[in-house]
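Report on the following structure.
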Amino acid sequence: MDEDRVQQINNIKLGKGSTINKTLQSSSKSGNPKEEPHAPSNQLKSGLLGWYAVCSIKELEEDKPYFFTMYNEPLMVYKDKDSTLRCIKDLCPHRGASFRGGEIKDGELVCPYHGARFSSTGKCTNLGRITCNHIVDNNYNNYAAKIHLHQYLCKEVGDYIFIHYTGSAKTNLENIEEIDNIETKSLDTYGFKTNEYAYEEVIVDFKCDWSRIIENHLDILHLFWVHGDTIPDTDVNRDVITSFNQEITRDNNQIESKYKHKDKDKSEFIRIKFLPPGRIIIYKGQPEESRYLQVLDHIPLERNQARVIVRHYRRFLKNKFLTDLILFKNLQHRIFYKVFAEDYLILRTQTFNEQMGYIEKDNVKLLGEDKMIQYYWDWFKNATNEDKPWQLHPRNEYTNTVHDELNMIYPPENDALAKKNIRSLIVKLALRVLVPIGVVIAIL
Ligand code: FES
Ligand SMILES: [Fe+2]
């Protein structure tokens, strides 16, 4: 596709002069918008470092840190005493303890090992508590300067907590040059009126390669075969393997593919947008008019461990009570968990992972509708070679693997939540049936 055509598509999709269009032009890694005024926009600029949605704001309980890892690095997020979000390395700068088992007291983080407290800027506020004679009494000031939390930039956007992951946490967050622009991850930037939607979400943990899950979510063909019996759409089933016309575009910040029915009435089936490094948006029609929107955020916890936040947005009723009634969240959760369990069967046995190298041309055969997948692997290969994120916090056979287990807190690895949801679903279903029957009997 020639340069003018790509620019034309960008303008149509994003609206000439829109925020995102300006963002696209100014978000190159050089940070100098004048450098590439007419740069070919068919290549993604974003790599594997930058802004990631790491959890939903709902997961962050009052005075309770949320622990996770990114590319093997143990991290946590919490709210300080001003309710400002903080993302810190999960490592006490005194003697290297994890903050798991610690607490947030009066908005300050307290280490469970010797009780060091840290202010929101990351400074230790009770150094006297941990500087006993046996430590460094004669070098107090020097020591005090070193006791400092290491942090990443952290923001809340659209009920998500985003962190700016660079692989190198800093004691001072001022003057950090942002690798990419968080606006390019925002749903509103692309025209979705998020304030008009109600959403439901689940979070799932997988023992498999992060990049493979993204590939799965970009793959349209498996929907019919793997999820045909689960997705509540009569057009999506094993007997109806549809063929699509695909219109695929790439620019600096996204790959997008529109799928239209080839044989039917040429109507649109779905659009899939990939916003690197970890966000996928699935919807239908123009963003401003789309009544349904699925957002998937992928978090690379460790090698062969990944987390996905899945949100389904729906726009049909403003009344929250009625929306909840119609959406019947437990039933939605049940479907989400079932879909992921189906994917997991495939995902954990797929041979590719980060340690085993990229797919070579003679290993697999990408077919027509796999174009999006090919574009994705092209980006992934370049981005991995450039950023080498797995080399930032490398592991070897001596690495403490305790985080491997502690990370796995959501289904399908931890199926307690899924079972709890089923129990709750049964109870609520029974109530919905029994209460009206009871009322009718009482009237009679
Ligand atoms: S290791 Fe945290 S206070 Fe000592
Ligand atoms: Fe799937």
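Residues in the structure tokens are numbered from 1 in each chain, the chains being A, B, ... in the order shown, and ligands are numbered from 1 in the order shown.
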
### Query
Skipping near chain neighbours, those fewer than 5 positions away, what residues fall within 7 Å of A:Leu75 using only C-alpha atoms, listed as an MDAnalysis selection string?
chainID A and resid 67:69 87:90

### Message
Within 12 Å of ligand 1 (counting only C-alpha atoms and all ligand atoms), which residues show up? I'd like them as number ranges by chain.
### Response
A: 90-103, 109-118, 124-132, 135, 147-149

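A straight line drawn from atom 1 (Fe, counted along the ligand's line) of ligand 2 to atom CA of A:Glu73 is 27.6 Å long.
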
### Message
Please identify all protein, DNA and RNA residues within 12 Å of ligand 2, counting only C-alpha atoms and all ligand atoms, and report them as a PyMOL selection string.
### Response
chain A and resi 212-228+230-231+296+310+335-347

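Distances here use only C-alpha atoms; by that measure, the residue among A:Val54, A:Ser119, A:Pro74, A:Trp379 closest to A:Asn400 is A:Pro74.
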
Select from stretch 43-239 of chain A everything DSSP, run on the backbone, classes as strand (DSSP E), then give the selection as a short mmCIF file (atom, residue, chain, number, x, y, z; two decimals) with N, CA and C atoms, in the first residue's frame.
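selection.cif, freshly written:
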data_model
loop_
_atom_site.label_atom_id
_atom_site.label_comp_id
_atom_site.auth_asym_id
_atom_site.auth_seq_id
_atom_site.Cartn_x
_atom_site.Cartn_y
_atom_site.Cartn_z
N GLY A 50 7.05 0.05 27.57
CA GLY A 50 6.09 1.16 27.49
C GLY A 50 4.92 0.93 28.42
N TRP A 51 3.78 1.49 28.07
CA TRP A 51 2.61 1.43 28.95
C TRP A 51 1.86 0.11 28.82
N TYR A 52 1.69 -0.56 29.94
CA TYR A 52 0.90 -1.79 30.02
C TYR A 52 -0.22 -1.61 31.04
N ALA A 53 -1.42 -2.06 30.68
CA ALA A 53 -2.47 -2.18 31.71
C ALA A 53 -2.11 -3.42 32.51
N VAL A 54 -1.94 -3.28 33.83
CA VAL A 54 -1.50 -4.43 34.62
C VAL A 54 -2.59 -4.98 35.54
N CYS A 55 -3.56 -4.15 35.87
CA CYS A 55 -4.70 -4.70 36.60
C CYS A 55 -5.86 -3.72 36.52
N SER A 56 -7.00 -4.20 36.94
CA SER A 56 -8.18 -3.37 36.97
C SER A 56 -8.19 -2.63 38.31
N TYR A 66 -1.17 -4.79 45.50
CA TYR A 66 -1.45 -5.80 44.48
C TYR A 66 -0.10 -6.23 43.89
N PHE A 67 0.20 -7.53 44.02
CA PHE A 67 1.50 -8.04 43.60
C PHE A 67 1.41 -8.71 42.24
N PHE A 68 2.45 -8.54 41.46
CA PHE A 68 2.52 -9.20 40.15
C PHE A 68 3.97 -9.14 39.70
N THR A 69 4.25 -9.71 38.55
CA THR A 69 5.59 -9.56 37.98
C THR A 69 5.45 -9.09 36.54
N MET A 70 6.50 -8.47 36.04
CA MET A 70 6.56 -8.09 34.62
C MET A 70 7.91 -8.57 34.12
N GLU A 73 10.27 -9.55 36.73
CA GLU A 73 10.59 -8.60 37.81
C GLU A 73 9.42 -8.47 38.79
N PRO A 74 9.62 -8.80 40.07
CA PRO A 74 8.52 -8.69 41.04
C PRO A 74 8.18 -7.22 41.32
N LEU A 75 6.90 -6.90 41.21
CA LEU A 75 6.43 -5.52 41.38
C LEU A 75 5.17 -5.51 42.24
N MET A 76 4.77 -4.33 42.64
CA MET A 76 3.47 -4.19 43.31
C MET A 76 2.93 -2.79 43.07
N VAL A 77 1.61 -2.67 43.13
CA VAL A 77 1.00 -1.34 43.07
C VAL A 77 0.16 -1.14 44.33
N TYR A 78 0.09 0.09 44.76
CA TYR A 78 -0.75 0.44 45.93
C TYR A 78 -1.08 1.91 45.84
N LYS A 79 -1.96 2.34 46.77
CA LYS A 79 -2.28 3.77 46.82
C LYS A 79 -1.62 4.37 48.06
N LEU A 85 -1.60 6.54 42.91
CA LEU A 85 -1.14 5.18 42.61
C LEU A 85 0.38 5.12 42.55
N ARG A 86 0.93 4.07 43.12
CA ARG A 86 2.37 3.86 43.09
C ARG A 86 2.67 2.46 42.58
N CYS A 87 3.65 2.35 41.72
CA CYS A 87 4.12 1.02 41.31
C CYS A 87 5.57 0.92 41.73
N ILE A 88 5.87 -0.04 42.58
CA ILE A 88 7.25 -0.16 43.05
C ILE A 88 7.78 -1.58 42.83
N LYS A 89 9.09 -1.64 42.82
CA LYS A 89 9.74 -2.93 42.77
C LYS A 89 9.48 -3.62 44.11
N GLU A 103 2.37 -4.20 55.08
CA GLU A 103 1.06 -3.52 55.09
C GLU A 103 1.20 -2.08 54.62
N ILE A 104 0.04 -1.48 54.35
CA ILE A 104 0.01 -0.05 54.05
C ILE A 104 -0.60 0.61 55.28
N LYS A 105 0.17 1.44 55.95
CA LYS A 105 -0.33 2.09 57.18
C LYS A 105 -0.28 3.59 56.98
N GLU A 108 1.48 4.72 54.05
CA GLU A 108 2.90 4.40 53.89
C GLU A 108 3.09 2.89 53.84
N LEU A 109 4.05 2.49 53.06
CA LEU A 109 4.32 1.07 52.89
C LEU A 109 5.23 0.60 54.03
N VAL A 110 4.85 -0.52 54.67
CA VAL A 110 5.63 -1.01 55.81
C VAL A 110 6.19 -2.39 55.47
N ARG A 117 9.38 1.95 57.05
CA ARG A 117 8.21 2.57 56.42
C ARG A 117 8.70 3.48 55.31
N PHE A 118 7.90 3.51 54.25
CA PHE A 118 8.31 4.31 53.09
C PHE A 118 7.21 5.28 52.70
N GLN A 151 10.80 2.76 41.67
CA GLN A 151 9.43 2.88 41.17
C GLN A 151 9.34 2.95 39.65
N TYR A 152 8.11 2.69 39.18
CA TYR A 152 7.76 2.94 37.78
C TYR A 152 6.61 3.94 37.74
N CYS A 154 3.04 5.26 37.02
CA CYS A 154 1.80 4.49 37.19
C CYS A 154 0.62 5.44 37.04
N LYS A 155 -0.38 5.06 36.24
CA LYS A 155 -1.54 5.93 36.05
C LYS A 155 -2.81 5.11 35.97
N GLU A 156 -3.90 5.77 36.32
CA GLU A 156 -5.20 5.11 36.13
C GLU A 156 -5.86 5.70 34.90
N VAL A 157 -6.24 4.83 33.97
CA VAL A 157 -6.95 5.28 32.77
C VAL A 157 -8.10 4.29 32.52
N TYR A 160 -8.44 1.17 34.56
CA TYR A 160 -7.29 0.26 34.51
C TYR A 160 -6.11 0.93 35.20
N ILE A 161 -5.24 0.14 35.78
CA ILE A 161 -3.97 0.67 36.26
C ILE A 161 -2.92 0.35 35.20
N PHE A 162 -2.31 1.40 34.69
CA PHE A 162 -1.25 1.25 33.69
C PHE A 162 0.09 1.52 34.36
N ILE A 163 1.11 0.75 33.99
CA ILE A 163 2.46 1.12 34.42
C ILE A 163 3.33 1.32 33.19
N HIS A 164 4.29 2.20 33.34
CA HIS A 164 5.21 2.49 32.24
C HIS A 164 6.44 1.61 32.47
N TYR A 165 6.43 0.44 31.83
CA TYR A 165 7.48 -0.53 32.12
C TYR A 165 8.69 -0.34 31.22
N ALA A 198 -21.57 -0.17 29.92
CA ALA A 198 -21.41 -0.93 31.17
C ALA A 198 -20.45 -2.06 30.83
N TYR A 199 -19.60 -2.44 31.77
CA TYR A 199 -18.68 -3.53 31.42
C TYR A 199 -18.62 -4.57 32.52
N GLU A 200 -18.22 -5.74 32.11
CA GLU A 200 -17.96 -6.80 33.07
C GLU A 200 -16.61 -7.39 32.71
N GLU A 201 -15.89 -7.86 33.71
CA GLU A 201 -14.54 -8.35 33.41
C GLU A 201 -14.19 -9.58 34.23
N VAL A 202 -13.25 -10.34 33.69
CA VAL A 202 -12.60 -11.38 34.49
C VAL A 202 -11.09 -11.27 34.22
N ILE A 203 -10.34 -11.81 35.14
CA ILE A 203 -8.88 -11.85 34.97
C ILE A 203 -8.48 -13.32 35.00
N VAL A 204 -7.60 -13.69 34.10
CA VAL A 204 -7.22 -15.09 34.01
C VAL A 204 -5.70 -15.23 33.95
N ASP A 205 -5.21 -16.29 34.57
CA ASP A 205 -3.76 -16.57 34.58
C ASP A 205 -3.48 -17.86 33.83
N PHE A 206 -2.45 -17.81 33.00
CA PHE A 206 -2.10 -18.99 32.21
C PHE A 206 -0.63 -19.34 32.40
#

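Interatomic distance, atom CA of A:His312 to atom CA of A:Pro287: 14.4 Å.
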
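Checking A:Lys185, A:Lys388, A:Lys81, A:His333 one by one against A:Asp297, counting only C-alpha atoms, you find the shortest gap at A:Lys185.
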
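Considering the residues A:Arg315, A:Lys371, A:Arg303, A:Arg238 and counting only C-alpha atoms, A:Ser290 has its shortest atom-to-atom contact with A:Arg315.
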
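Among the candidates A:Arg271, A:Lys428, A:Lys193, A:Arg348, the residue lying nearest to A:Gln305 is A:Arg348 (atoms considered: only C-alpha atoms).
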
### Query
So which residues touch A:Pro389 within 7 Å, counting only C-alpha atoms, skipping near sequence neighbours fewer than 3 positions away, as a ChimeraX atom specification?
/A:48,71,384,392
